[in-house]
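Shown here: work25.cif, mmCIF, C-alpha atoms.
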data_structure
#
loop_
_atom_site.label_atom_id
_atom_site.label_comp_id
_atom_site.auth_asym_id
_atom_site.auth_seq_id
_atom_site.Cartn_x
_atom_site.Cartn_y
_atom_site.Cartn_z
CA MET A 1 102.46 111.07 102.59
CA ARG A 2 99.54 113.14 101.39
CA GLU A 3 98.88 111.09 98.23
CA LEU A 4 98.41 107.87 100.21
CA GLU A 5 96.30 109.56 102.91
CA GLU A 6 94.00 111.06 100.30
CA ARG A 7 93.63 107.70 98.57
CA ILE A 8 92.78 106.00 101.88
CA ARG A 9 90.18 108.72 102.62
CA ARG A 10 88.67 108.28 99.16
CA ASP A 11 88.80 104.50 98.66
CA GLY A 12 89.43 102.97 102.09
CA VAL A 13 86.54 101.35 103.94
CA VAL A 14 86.37 101.05 107.72
CA GLU A 15 84.61 97.93 108.93
CA ASP A 16 83.69 96.63 112.34
CA GLY A 17 86.48 95.17 114.43
CA ASP A 18 89.12 97.81 113.64
CA VAL A 19 89.46 96.62 110.03
CA LEU A 20 90.55 99.15 107.39
CA LYS A 21 89.96 97.73 103.93
CA VAL A 22 92.29 99.13 101.28
CA ASP A 23 91.94 96.20 98.92
CA GLY A 24 90.98 98.36 95.96
CA PHE A 25 94.47 99.84 95.60
CA LEU A 26 96.91 98.36 98.12
CA ASN A 27 96.58 94.65 98.90
CA HIS A 28 94.28 92.80 96.51
CA GLN A 29 94.00 95.11 93.52
CA MET A 30 97.25 97.09 93.45
CA ASP A 31 97.87 100.57 92.03
CA VAL A 32 101.47 100.36 90.85
CA GLU A 33 101.72 104.11 90.18
CA LEU A 34 100.88 104.73 93.83
CA PHE A 35 103.46 102.07 94.77
CA ALA A 36 106.08 103.94 92.73
CA ALA A 37 105.31 107.17 94.62
CA MET A 38 105.59 105.25 97.90
CA GLY A 39 108.89 103.75 96.80
CA ARG A 40 110.28 107.19 95.96
CA GLU A 41 109.26 108.43 99.41
CA TRP A 42 110.96 105.54 101.22
CA ALA A 43 114.05 106.05 99.04
CA ARG A 44 114.12 109.71 100.12
CA LEU A 45 113.63 108.84 103.80
CA PHE A 46 116.27 106.10 103.87
CA ALA A 47 118.78 107.74 101.51
CA GLY A 48 122.40 107.30 102.57
CA GLU A 49 121.63 104.42 104.93
CA GLY A 50 123.34 101.82 102.75
CA VAL A 51 120.29 99.62 102.26
CA ASN A 52 121.40 96.63 100.19
CA LYS A 53 118.30 94.42 100.40
CA ILE A 54 114.58 94.71 101.08
CA LEU A 55 112.90 92.09 103.25
CA THR A 56 109.12 91.69 103.17
CA ILE A 57 106.56 89.01 103.95
CA GLU A 58 104.09 87.32 101.63
CA ALA A 59 101.74 88.16 100.16
CA SER A 60 100.62 91.76 100.25
CA GLY A 61 104.02 93.29 100.96
CA ILE A 62 105.65 91.84 97.85
CA GLY A 63 104.34 94.21 95.20
CA MET A 64 105.24 97.44 96.96
CA ALA A 65 108.57 95.96 98.08
CA CYS A 66 109.55 95.11 94.48
CA ILE A 67 108.63 98.52 93.15
CA ALA A 68 110.42 100.26 96.03
CA ALA A 69 113.46 98.06 95.38
CA GLN A 70 113.78 99.61 91.91
CA GLN A 71 114.37 102.98 93.60
CA PHE A 72 117.09 101.53 95.83
CA GLY A 73 118.65 99.32 93.13
CA VAL A 74 118.59 96.27 95.45
CA PRO A 75 116.97 92.81 95.45
CA VAL A 76 113.93 91.80 97.49
CA VAL A 77 113.60 88.73 99.69
CA PHE A 78 110.16 87.72 100.84
CA ALA A 79 109.60 85.63 103.95
CA LYS A 80 107.25 82.73 103.32
CA LYS A 81 104.32 81.65 105.43
CA SER A 82 104.85 77.94 105.56
CA ARG A 83 101.95 75.53 105.40
CA THR A 84 104.11 72.52 106.21
CA LYS A 85 105.59 71.93 109.63
CA ASN A 86 108.62 70.10 108.26
CA ILE A 87 110.64 72.59 106.29
CA ALA A 88 113.20 71.20 103.90
CA GLY A 89 116.53 72.95 103.84
CA ASP A 90 118.33 75.48 105.92
CA VAL A 91 116.03 78.30 106.96
CA TYR A 92 115.57 80.97 109.58
CA LYS A 93 112.16 80.58 111.18
CA VAL A 94 109.78 82.53 113.43
CA GLU A 95 106.19 82.04 114.50
CA VAL A 96 103.83 84.87 113.59
CA THR A 97 100.23 85.28 114.74
CA SER A 98 98.02 86.92 112.13
CA PHE A 99 95.92 89.91 113.22
CA THR A 100 93.50 89.26 110.36
CA HIS A 101 93.04 85.49 110.63
CA GLY A 102 94.15 84.85 114.22
CA GLY A 103 96.08 81.78 113.08
CA VAL A 104 99.74 81.09 113.78
CA SER A 105 102.13 80.55 110.84
CA ASP A 106 105.74 79.54 110.68
CA VAL A 107 107.45 82.25 108.66
CA ILE A 108 110.71 81.27 107.01
CA VAL A 109 113.59 82.64 104.96
CA SER A 110 116.33 80.59 103.37
CA LYS A 111 119.69 81.12 105.07
CA ARG A 112 121.21 81.64 101.62
CA PHE A 113 119.47 84.99 101.23
CA LEU A 114 120.11 86.77 104.55
CA GLY A 115 123.45 87.25 106.28
CA PRO A 116 125.66 89.49 108.41
CA ASP A 117 126.62 91.70 105.44
CA ASP A 118 123.02 92.74 104.82
CA ARG A 119 121.59 96.14 105.67
CA LEU A 120 117.87 95.55 105.45
CA LEU A 121 114.91 97.76 104.82
CA LEU A 122 111.77 95.95 105.96
CA ILE A 123 108.61 96.70 103.95
CA ASP A 124 105.02 95.80 104.72
CA ASP A 125 101.57 97.09 103.88
CA PHE A 126 100.17 97.30 107.43
CA LEU A 127 101.47 97.86 110.95
CA ALA A 128 98.89 97.22 113.66
CA ASN A 129 99.91 94.93 116.50
CA GLY A 130 103.31 94.52 114.90
CA ALA A 131 103.46 90.72 114.83
CA ALA A 132 104.55 90.44 111.20
CA LEU A 133 107.14 93.23 111.50
CA GLU A 134 108.56 91.78 114.72
CA GLY A 135 108.82 88.46 112.93
CA LEU A 136 110.87 90.08 110.15
CA ILE A 137 113.11 91.79 112.74
CA ASP A 138 113.69 88.46 114.47
CA LEU A 139 114.56 86.78 111.15
CA ALA A 140 117.06 89.58 110.46
CA HIS A 141 118.63 89.16 113.90
CA GLN A 142 118.92 85.39 113.44
CA ALA A 143 120.87 86.11 110.26
CA GLY A 144 123.07 88.72 111.95
CA ALA A 145 121.80 91.31 109.46
CA ALA A 146 121.41 94.99 110.31
CA VAL A 147 117.90 96.45 110.24
CA VAL A 148 118.13 99.96 108.81
CA GLY A 149 114.43 100.51 109.39
CA ALA A 150 110.93 99.67 108.32
CA GLY A 151 108.85 101.23 105.58
CA ILE A 152 105.15 100.76 106.25
CA ALA A 153 102.29 101.85 104.03
CA VAL A 154 99.53 102.14 106.66
CA GLU A 155 100.11 102.24 110.41
CA LYS A 156 97.15 101.98 112.73
CA ALA A 157 98.70 104.25 115.34
CA PHE A 158 95.98 103.46 117.89
CA GLN A 159 97.26 99.88 118.08
CA PRO A 160 100.45 99.10 119.98
CA GLY A 161 102.78 97.71 117.28
CA GLY A 162 104.41 100.93 116.11
CA GLU A 163 105.18 102.18 119.60
CA ARG A 164 106.60 98.85 120.71
CA ILE A 165 108.86 98.48 117.69
CA ARG A 166 110.14 102.07 117.88
CA ALA A 167 110.89 101.42 121.59
CA ARG A 168 113.19 98.62 120.43
CA GLY A 169 115.21 101.24 118.55
CA VAL A 170 113.96 100.37 115.07
CA ARG A 171 113.26 103.35 112.82
CA VAL A 172 109.72 103.02 111.43
CA GLU A 173 108.57 105.25 108.56
CA SER A 174 104.84 104.85 107.98
CA LEU A 175 103.48 106.74 104.99
CA ALA A 176 99.99 107.03 106.48
CA ARG A 177 99.40 106.90 110.25
CA VAL A 178 95.77 106.41 111.19
CA LYS A 179 95.03 108.12 114.52
CA SER A 180 91.41 106.99 114.74
CA MET A 181 88.79 105.56 112.46
CA ALA A 182 85.10 104.76 112.31
CA PRO A 183 82.82 103.86 109.39
CA GLY A 184 82.93 106.85 107.03
CA GLN A 185 85.56 108.70 109.05
CA ILE A 186 89.36 108.37 109.12
CA GLU A 187 91.69 110.73 111.00
CA PHE A 188 95.45 110.74 110.41
CA CYS A 189 98.18 111.71 112.89
CA MET B 1 114.43 85.68 76.26
CA ARG B 2 118.15 85.21 76.30
CA GLU B 3 118.75 87.16 79.54
CA LEU B 4 116.41 84.94 81.55
CA GLU B 5 117.73 81.72 79.98
CA GLU B 6 121.30 82.69 80.79
CA ARG B 7 120.35 83.50 84.35
CA ILE B 8 118.61 80.13 84.75
CA ARG B 9 121.68 78.36 83.34
CA ARG B 10 123.93 80.24 85.74
CA ASP B 11 121.88 80.30 88.95
CA GLY B 12 119.11 77.72 88.53
CA VAL B 13 119.44 74.38 90.31
CA VAL B 14 117.81 71.17 89.08
CA GLU B 15 116.74 68.85 91.88
CA ASP B 16 115.23 65.41 91.93
CA GLY B 17 111.56 65.15 91.10
CA ASP B 18 111.53 67.60 88.18
CA VAL B 19 112.13 70.58 90.45
CA LEU B 20 113.92 73.62 89.01
CA LYS B 21 114.95 75.94 91.81
CA VAL B 22 115.24 79.58 90.77
CA ASP B 23 114.79 80.98 94.25
CA GLY B 24 117.95 83.07 94.10
CA PHE B 25 116.49 85.52 91.58
CA LEU B 26 112.87 84.71 90.75
CA ASN B 27 110.66 83.49 93.58
CA HIS B 28 112.21 83.91 97.01
CA GLN B 29 114.99 86.41 96.47
CA MET B 30 113.88 88.55 93.54
CA ASP B 31 116.02 90.46 91.02
CA VAL B 32 113.87 93.46 90.17
CA GLU B 33 116.10 94.55 87.28
CA LEU B 34 115.53 91.18 85.66
CA PHE B 35 111.79 91.60 86.35
CA ALA B 36 111.89 94.97 84.56
CA ALA B 37 113.48 93.35 81.50
CA MET B 38 110.81 90.62 81.59
CA GLY B 39 108.09 93.26 81.88
CA ARG B 40 109.44 95.10 78.84
CA GLU B 41 109.43 91.87 76.86
CA TRP B 42 105.82 91.04 77.76
CA ALA B 43 104.85 94.65 76.95
CA ARG B 44 106.45 94.22 73.51
CA LEU B 45 104.76 90.86 72.92
CA PHE B 46 101.30 92.01 74.00
CA ALA B 47 101.45 95.56 72.59
CA GLY B 48 98.20 96.72 71.00
CA GLU B 49 96.12 94.04 72.71
CA GLY B 50 94.33 96.50 74.98
CA VAL B 51 95.43 94.90 78.23
CA ASN B 52 93.80 96.89 81.03
CA LYS B 53 94.61 94.70 84.03
CA ILE B 54 97.12 92.05 85.07
CA LEU B 55 95.88 89.04 87.03
CA THR B 56 98.34 86.90 88.98
CA ILE B 57 98.28 84.50 91.93
CA GLU B 58 100.04 84.76 95.25
CA ALA B 59 102.77 84.70 96.18
CA SER B 60 105.60 84.38 93.70
CA GLY B 61 103.79 85.94 90.73
CA ILE B 62 103.10 89.22 92.49
CA GLY B 63 106.51 90.89 92.18
CA MET B 64 106.98 90.32 88.46
CA ALA B 65 103.32 91.19 87.81
CA CYS B 66 103.64 94.55 89.57
CA ILE B 67 106.81 95.48 87.73
CA ALA B 68 105.34 94.37 84.38
CA ALA B 69 102.21 96.41 85.16
CA GLN B 70 104.33 99.56 85.19
CA GLN B 71 105.14 98.90 81.52
CA PHE B 72 101.46 98.50 80.65
CA GLY B 73 100.22 101.33 82.88
CA VAL B 74 97.56 99.09 84.42
CA PRO B 75 96.70 97.78 87.92
CA VAL B 76 97.41 94.26 89.18
CA VAL B 77 94.96 91.95 90.91
CA PHE B 78 96.33 88.92 92.71
CA ALA B 79 94.21 85.86 93.38
CA LYS B 80 94.46 84.69 96.97
CA LYS B 81 95.02 81.19 98.23
CA SER B 82 92.46 80.95 100.95
CA ARG B 83 93.19 79.16 104.19
CA THR B 84 89.59 79.36 105.39
CA LYS B 85 86.77 77.38 103.86
CA ASN B 86 84.17 80.03 104.64
CA ILE B 87 85.02 83.06 102.57
CA ALA B 88 83.47 86.34 103.61
CA GLY B 89 82.12 88.51 100.82
CA ASP B 90 81.43 88.14 97.17
CA VAL B 91 84.22 86.27 95.40
CA TYR B 92 84.97 84.19 92.35
CA LYS B 93 86.48 80.89 93.46
CA VAL B 94 88.33 77.91 91.95
CA GLU B 95 90.13 74.92 93.42
CA VAL B 96 93.81 74.63 92.49
CA THR B 97 96.10 71.69 93.22
CA SER B 98 99.69 72.71 93.89
CA PHE B 99 102.43 70.95 91.92
CA THR B 100 104.94 71.83 94.63
CA HIS B 101 102.98 70.93 97.75
CA GLY B 102 100.36 68.57 96.35
CA GLY B 103 97.70 70.25 98.48
CA VAL B 104 94.43 71.71 97.21
CA SER B 105 93.66 75.40 97.84
CA ASP B 106 90.61 77.50 97.19
CA VAL B 107 91.81 80.42 95.11
CA ILE B 108 89.64 83.52 95.22
CA VAL B 109 89.27 86.99 93.73
CA SER B 110 86.82 89.63 94.88
CA LYS B 111 84.06 90.24 92.34
CA ARG B 112 84.73 93.96 92.69
CA PHE B 113 88.05 93.65 90.85
CA LEU B 114 87.21 91.52 87.79
CA GLY B 115 84.43 92.10 85.30
CA PRO B 116 83.28 91.87 81.69
CA ASP B 117 85.10 95.08 80.71
CA ASP B 118 88.48 93.61 81.63
CA ARG B 119 91.09 92.49 79.11
CA LEU B 120 93.45 90.47 81.26
CA LEU B 121 97.08 89.53 80.94
CA LEU B 122 97.76 86.60 83.27
CA ILE B 123 101.25 86.51 84.81
CA ASP B 124 102.93 83.72 86.74
CA ASP B 125 106.47 82.57 87.48
CA PHE B 126 106.06 78.90 86.44
CA LEU B 127 104.01 76.86 84.01
CA ALA B 128 104.32 73.11 84.52
CA ASN B 129 101.10 71.14 84.78
CA GLY B 130 99.15 74.35 84.34
CA ALA B 131 96.90 74.05 87.39
CA ALA B 132 97.49 77.60 88.64
CA LEU B 133 97.13 79.15 85.18
CA GLU B 134 93.96 77.19 84.44
CA GLY B 135 92.63 78.44 87.78
CA LEU B 136 93.26 82.03 86.71
CA ILE B 137 91.59 81.42 83.34
CA ASP B 138 88.56 79.97 85.09
CA LEU B 139 88.37 82.97 87.43
CA ALA B 140 88.50 85.29 84.39
CA HIS B 141 85.72 83.34 82.68
CA GLN B 142 83.55 83.46 85.80
CA ALA B 143 83.92 87.24 85.70
CA GLY B 144 83.16 87.44 81.97
CA ALA B 145 86.58 89.01 81.41
CA ALA B 146 88.61 88.50 78.23
CA VAL B 147 91.95 86.71 78.55
CA VAL B 148 94.40 88.39 76.18
CA GLY B 149 97.06 85.85 77.06
CA ALA B 150 99.49 84.61 79.65
CA GLY B 151 103.00 85.84 80.37
CA ILE B 152 105.06 83.11 82.03
CA ALA B 153 108.62 83.38 83.24
CA VAL B 154 109.64 79.69 83.10
CA GLU B 155 107.71 77.00 81.24
CA LYS B 156 108.65 73.39 81.77
CA ALA B 157 107.78 72.42 78.21
CA PHE B 158 108.18 68.69 78.96
CA GLN B 159 105.15 68.88 81.26
CA PRO B 160 101.65 69.08 79.76
CA GLY B 161 100.35 72.46 81.02
CA GLY B 162 101.54 74.69 78.19
CA GLU B 163 100.24 72.44 75.43
CA ARG B 164 96.86 71.98 77.10
CA ILE B 165 96.34 75.71 77.67
CA ARG B 166 97.41 76.69 74.15
CA ALA B 167 94.97 74.03 72.86
CA ARG B 168 92.22 75.97 74.63
CA GLY B 169 93.10 78.94 72.42
CA VAL B 170 94.94 80.96 75.05
CA ARG B 171 98.09 82.71 73.85
CA VAL B 172 100.98 81.77 76.15
CA GLU B 173 104.26 83.69 76.02
CA SER B 174 106.91 81.98 78.13
CA LEU B 175 110.20 83.83 78.38
CA ALA B 176 112.20 80.64 79.01
CA ARG B 177 110.96 77.24 77.83
CA VAL B 178 112.83 74.33 79.38
CA LYS B 179 112.93 71.40 76.96
CA SER B 180 114.72 69.01 79.31
CA MET B 181 116.72 69.19 82.49
CA ALA B 182 118.89 67.13 84.76
CA PRO B 183 121.23 68.08 87.63
CA GLY B 184 123.83 70.40 86.12
CA GLN B 185 122.19 70.49 82.70
CA ILE B 186 119.31 72.54 81.33
CA GLU B 187 118.25 72.63 77.69
CA PHE B 188 115.86 75.27 76.33
CA CYS B 189 113.45 74.93 73.40
#

Structure encoded using structure tokens:
Amino acid sequence: MRELEERIRRDGVVEDGDVLKVDGFLNHQMDVELFAAMGREWARLFAGEGVNKILTIEASGIGMACIAAQQFGVPVVFAKKSRTKNIAGDVYKVEVTSFTHGGVSDVIVSKRFLGPDDRLLLIDDFLANGAALEGLIDLAHQAGAAVVGAGIAVEKAFQPGGERIRARGVRVESLARVKSMAPGQIEFC
Amino acid sequence: MRELEERIRRDGVVEDGDVLKVDGFLNHQMDVELFAAMGREWARLFAGEGVNKILTIEASGIGMACIAAQQFGVPVVFAKKSRTKNIAGDVYKVEVTSFTHGGVSDVIVSKRFLGPDDRLLLIDDFLANGAALEGLIDLAHQAGAAVVGAGIAVEKAFQPGGERIRARGVRVESLARVKSMAPGQIEFC
């Protein structure tokens, strides 16, 4: 999606350690007009697929997921990173290792909000090693829900997550795919 | 706001320990059509106040803040609950004690995204003891930003947060104010 690529070129910052900072418009300060354009693009790509719910993961996926959900006319469920080891209630649970922090979190969703009748679109801001997205896929499978596909804002295509998840048969639509990057220079696929 | 009150009456669950669960439509599964109605109401209430940015806190405030921001035509910044004690970069920081978990978090915002030119609307899903909202007010003050007011979805008016924050001169607009509650019974102000 040209609009997102141009914004990343203009306002994204590449830092050491394969970090692409897009916190001015995507995941700390959030440009909701850009999110609306992204939502329209995902709605076009996944039209006719019968999506009836969007599943995302806290925190940075929530904003774009909610605005995309308006295009689909469906609710959003966000998976929670739990800080307590003893979860009250009936939940689906996976362990996810964070690329950014390196720490391991339990990620949970209440069983009341995912089930075998759901046709899920997964939404997240980044796809790099794929840990968060694989966690969402596993939560969906635990619930017996169908995964229609994944809508990603920024995929770092030089990291293995996208390839591995597509190899599992999951359709992944990334609106900007970064082929390579270095400070001051970003190339898209 | 009648629509939100009716939804809380229908789908909210009162649990022991003054807990009002609204996770079916507000803060785990999220009804984005309801969020749009809430955003229109805040836009009506704060019209003409020159709001140029919405400030919220992760995670459950983000969805309603983003959808409200579309009504105002402004960006959203969300304050982050930090899991690391050593924060990289230049941030404003406050300590916030969670009503739900009891734990203390550092809550941070990058200095790049708040400043003296900002006229902030604060958005959050709940106002009970007011710790999170007071944290956001303190972050705004550190930045020299003006706080136009706070838009809250559900205020537990029998807890002291709302009164204390209004006494500080901050305009608080809560769309549903719970006067009292018990299992199976919720009364609004």

Once the PyMOL selection byres ((chain A and resi 37) around 12) has been applied to the shown file, what residues remain in the selection, as a ChimeraX atom specification? /A:1-4,31-36,38-44,64,67-68,70-71,153,175

Computed gap from CA of Leu136 in chain B to CA of Ser110 in chain A is 28.5 Å

Tell me, counting only C-alpha atoms, for each residue of chain B within 6 Å of chain A, which pair of atoms is nearest and how far apart they are in Å to one decimal, in rows ordered by chain and increasing number, as JSON lines.
{"residue": "B:His28", "atom": "CA", "partner": "A:Val77", "partner_atom": "CA", "distance": 5.7}
{"residue": "B:Gln29", "atom": "CA", "partner": "A:Val77", "partner_atom": "CA", "distance": 4.2}
{"residue": "B:Met30", "atom": "CA", "partner": "A:Val76", "partner_atom": "CA", "distance": 5.1}
{"residue": "B:Asp31", "atom": "CA", "partner": "A:Pro75", "partner_atom": "CA", "distance": 5.1}
{"residue": "B:Ala59", "atom": "CA", "partner": "A:Ala59", "partner_atom": "CA", "distance": 5.4}
{"residue": "B:Ile62", "atom": "CA", "partner": "A:Gly63", "partner_atom": "CA", "distance": 5.8}
{"residue": "B:Gly63", "atom": "CA", "partner": "A:Gly63", "partner_atom": "CA", "distance": 5.0}
{"residue": "B:Cys66", "atom": "CA", "partner": "A:Gly63", "partner_atom": "CA", "distance": 5.7}
{"residue": "B:Pro75", "atom": "CA", "partner": "A:Asp31", "partner_atom": "CA", "distance": 5.1}
{"residue": "B:Val76", "atom": "CA", "partner": "A:Met30", "partner_atom": "CA", "distance": 5.1}
{"residue": "B:Val77", "atom": "CA", "partner": "A:Gln29", "partner_atom": "CA", "distance": 4.2}
{"residue": "B:Phe78", "atom": "CA", "partner": "A:His28", "partner_atom": "CA", "distance": 5.8}

For the residues in that selection, give me C-alpha atoms as a PDB file, keeping the file's coordinate frame.
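Once everything was written out, this is selection19.pdb:
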ATOM      1  CA  HIS B  28     112.210  83.910  97.010  1.00  0.00           C
ATOM      2  CA  GLN B  29     114.990  86.410  96.470  1.00  0.00           C
ATOM      3  CA  MET B  30     113.880  88.550  93.540  1.00  0.00           C
ATOM      4  CA  ASP B  31     116.020  90.460  91.020  1.00  0.00           C
ATOM      5  CA  ALA B  59     102.770  84.700  96.180  1.00  0.00           C
ATOM      6  CA  ILE B  62     103.100  89.220  92.490  1.00  0.00           C
ATOM      7  CA  GLY B  63     106.510  90.890  92.180  1.00  0.00           C
ATOM      8  CA  CYS B  66     103.640  94.550  89.570  1.00  0.00           C
ATOM      9  CA  PRO B  75      96.700  97.780  87.920  1.00  0.00           C
ATOM     10  CA  VAL B  76      97.410  94.260  89.180  1.00  0.00           C
ATOM     11  CA  VAL B  77      94.960  91.950  90.910  1.00  0.00           C
ATOM     12  CA  PHE B  78      96.330  88.920  92.710  1.00  0.00           C
TER      13      PHE B  78
END

Interatomic distance (Å, one decimal) between CA of Gln159 in chain A and CA of Leu120 in chain A: 24.6 Å

List as an MDAnalysis selection string the protein and nucleic acid residues near Val14 in chain B, meaning an atom at most 7 Å away when all atoms listed in the file are counted, but skip any in the same chain fewer than 4 places from it. chainID B and resid 19:21 181:184

For Val51 in chain B, find every residue with an atom within 9 Å (counting only C-alpha atoms), except residues of its own chain fewer than 6 positions away, and show them as a PyMOL selection string. chain B and resi 72+74+118-121+147-148

Fill-in result for range 164-186 of chain B, N, CA and C atoms as a compact mmCIF listing (two decimals), in the frame of the given file:
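Okay, part.txt is ready:
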# COMPACT_ATOMS: atom_id res chain seq x y z
N ARG B 164 98.31 72.05 76.84
CA ARG B 164 96.86 71.98 77.10
C ARG B 164 96.23 73.37 77.05
N ILE B 165 96.93 74.37 77.62
CA ILE B 165 96.34 75.71 77.67
C ILE B 165 96.36 76.37 76.30
N ARG B 166 97.41 76.16 75.53
CA ARG B 166 97.41 76.69 74.15
C ARG B 166 96.30 76.02 73.32
N ALA B 167 96.04 74.73 73.59
CA ALA B 167 94.97 74.03 72.86
C ALA B 167 93.59 74.61 73.17
N ARG B 168 93.48 75.28 74.31
CA ARG B 168 92.22 75.97 74.63
C ARG B 168 92.12 77.32 73.93
N GLY B 169 93.14 77.68 73.17
CA GLY B 169 93.10 78.94 72.42
C GLY B 169 93.67 80.13 73.16
N VAL B 170 94.33 79.87 74.28
CA VAL B 170 94.94 80.96 75.05
C VAL B 170 96.38 81.16 74.58
N ARG B 171 96.72 82.39 74.24
CA ARG B 171 98.09 82.71 73.85
C ARG B 171 99.00 82.69 75.09
N VAL B 172 100.05 81.88 75.03
CA VAL B 172 100.98 81.77 76.15
C VAL B 172 102.36 82.21 75.68
N GLU B 173 102.92 83.20 76.35
CA GLU B 173 104.26 83.69 76.02
C GLU B 173 105.18 83.41 77.20
N SER B 174 105.97 82.35 77.07
CA SER B 174 106.91 81.98 78.13
C SER B 174 108.29 82.50 77.76
N LEU B 175 108.93 83.17 78.70
CA LEU B 175 110.20 83.83 78.38
C LEU B 175 111.37 82.86 78.40
N ALA B 176 111.21 81.73 79.08
CA ALA B 176 112.20 80.64 79.01
C ALA B 176 111.43 79.34 78.99
N ARG B 177 111.67 78.52 77.94
CA ARG B 177 110.96 77.24 77.83
C ARG B 177 111.98 76.12 77.98
N VAL B 178 111.88 75.40 79.08
CA VAL B 178 112.83 74.33 79.38
C VAL B 178 112.37 73.07 78.64
N LYS B 179 113.24 72.60 77.75
CA LYS B 179 112.93 71.40 76.96
C LYS B 179 113.22 70.14 77.77
N SER B 180 114.36 70.14 78.45
CA SER B 180 114.72 69.01 79.31
C SER B 180 115.69 69.51 80.35
N MET B 181 115.77 68.77 81.45
CA MET B 181 116.72 69.19 82.49
C MET B 181 117.13 67.99 83.32
N ALA B 182 118.33 68.11 83.85
CA ALA B 182 118.89 67.13 84.76
C ALA B 182 119.89 67.90 85.61
N PRO B 183 120.27 67.34 86.78
CA PRO B 183 121.23 68.08 87.63
C PRO B 183 122.44 68.52 86.83
N GLY B 184 122.68 69.84 86.84
CA GLY B 184 123.83 70.40 86.12
C GLY B 184 123.60 70.67 84.65
N GLN B 185 122.41 70.36 84.14
CA GLN B 185 122.19 70.49 82.70
C GLN B 185 120.76 70.93 82.40
N ILE B 186 120.62 72.03 81.70
CA ILE B 186 119.31 72.54 81.33
C ILE B 186 119.32 72.89 79.85
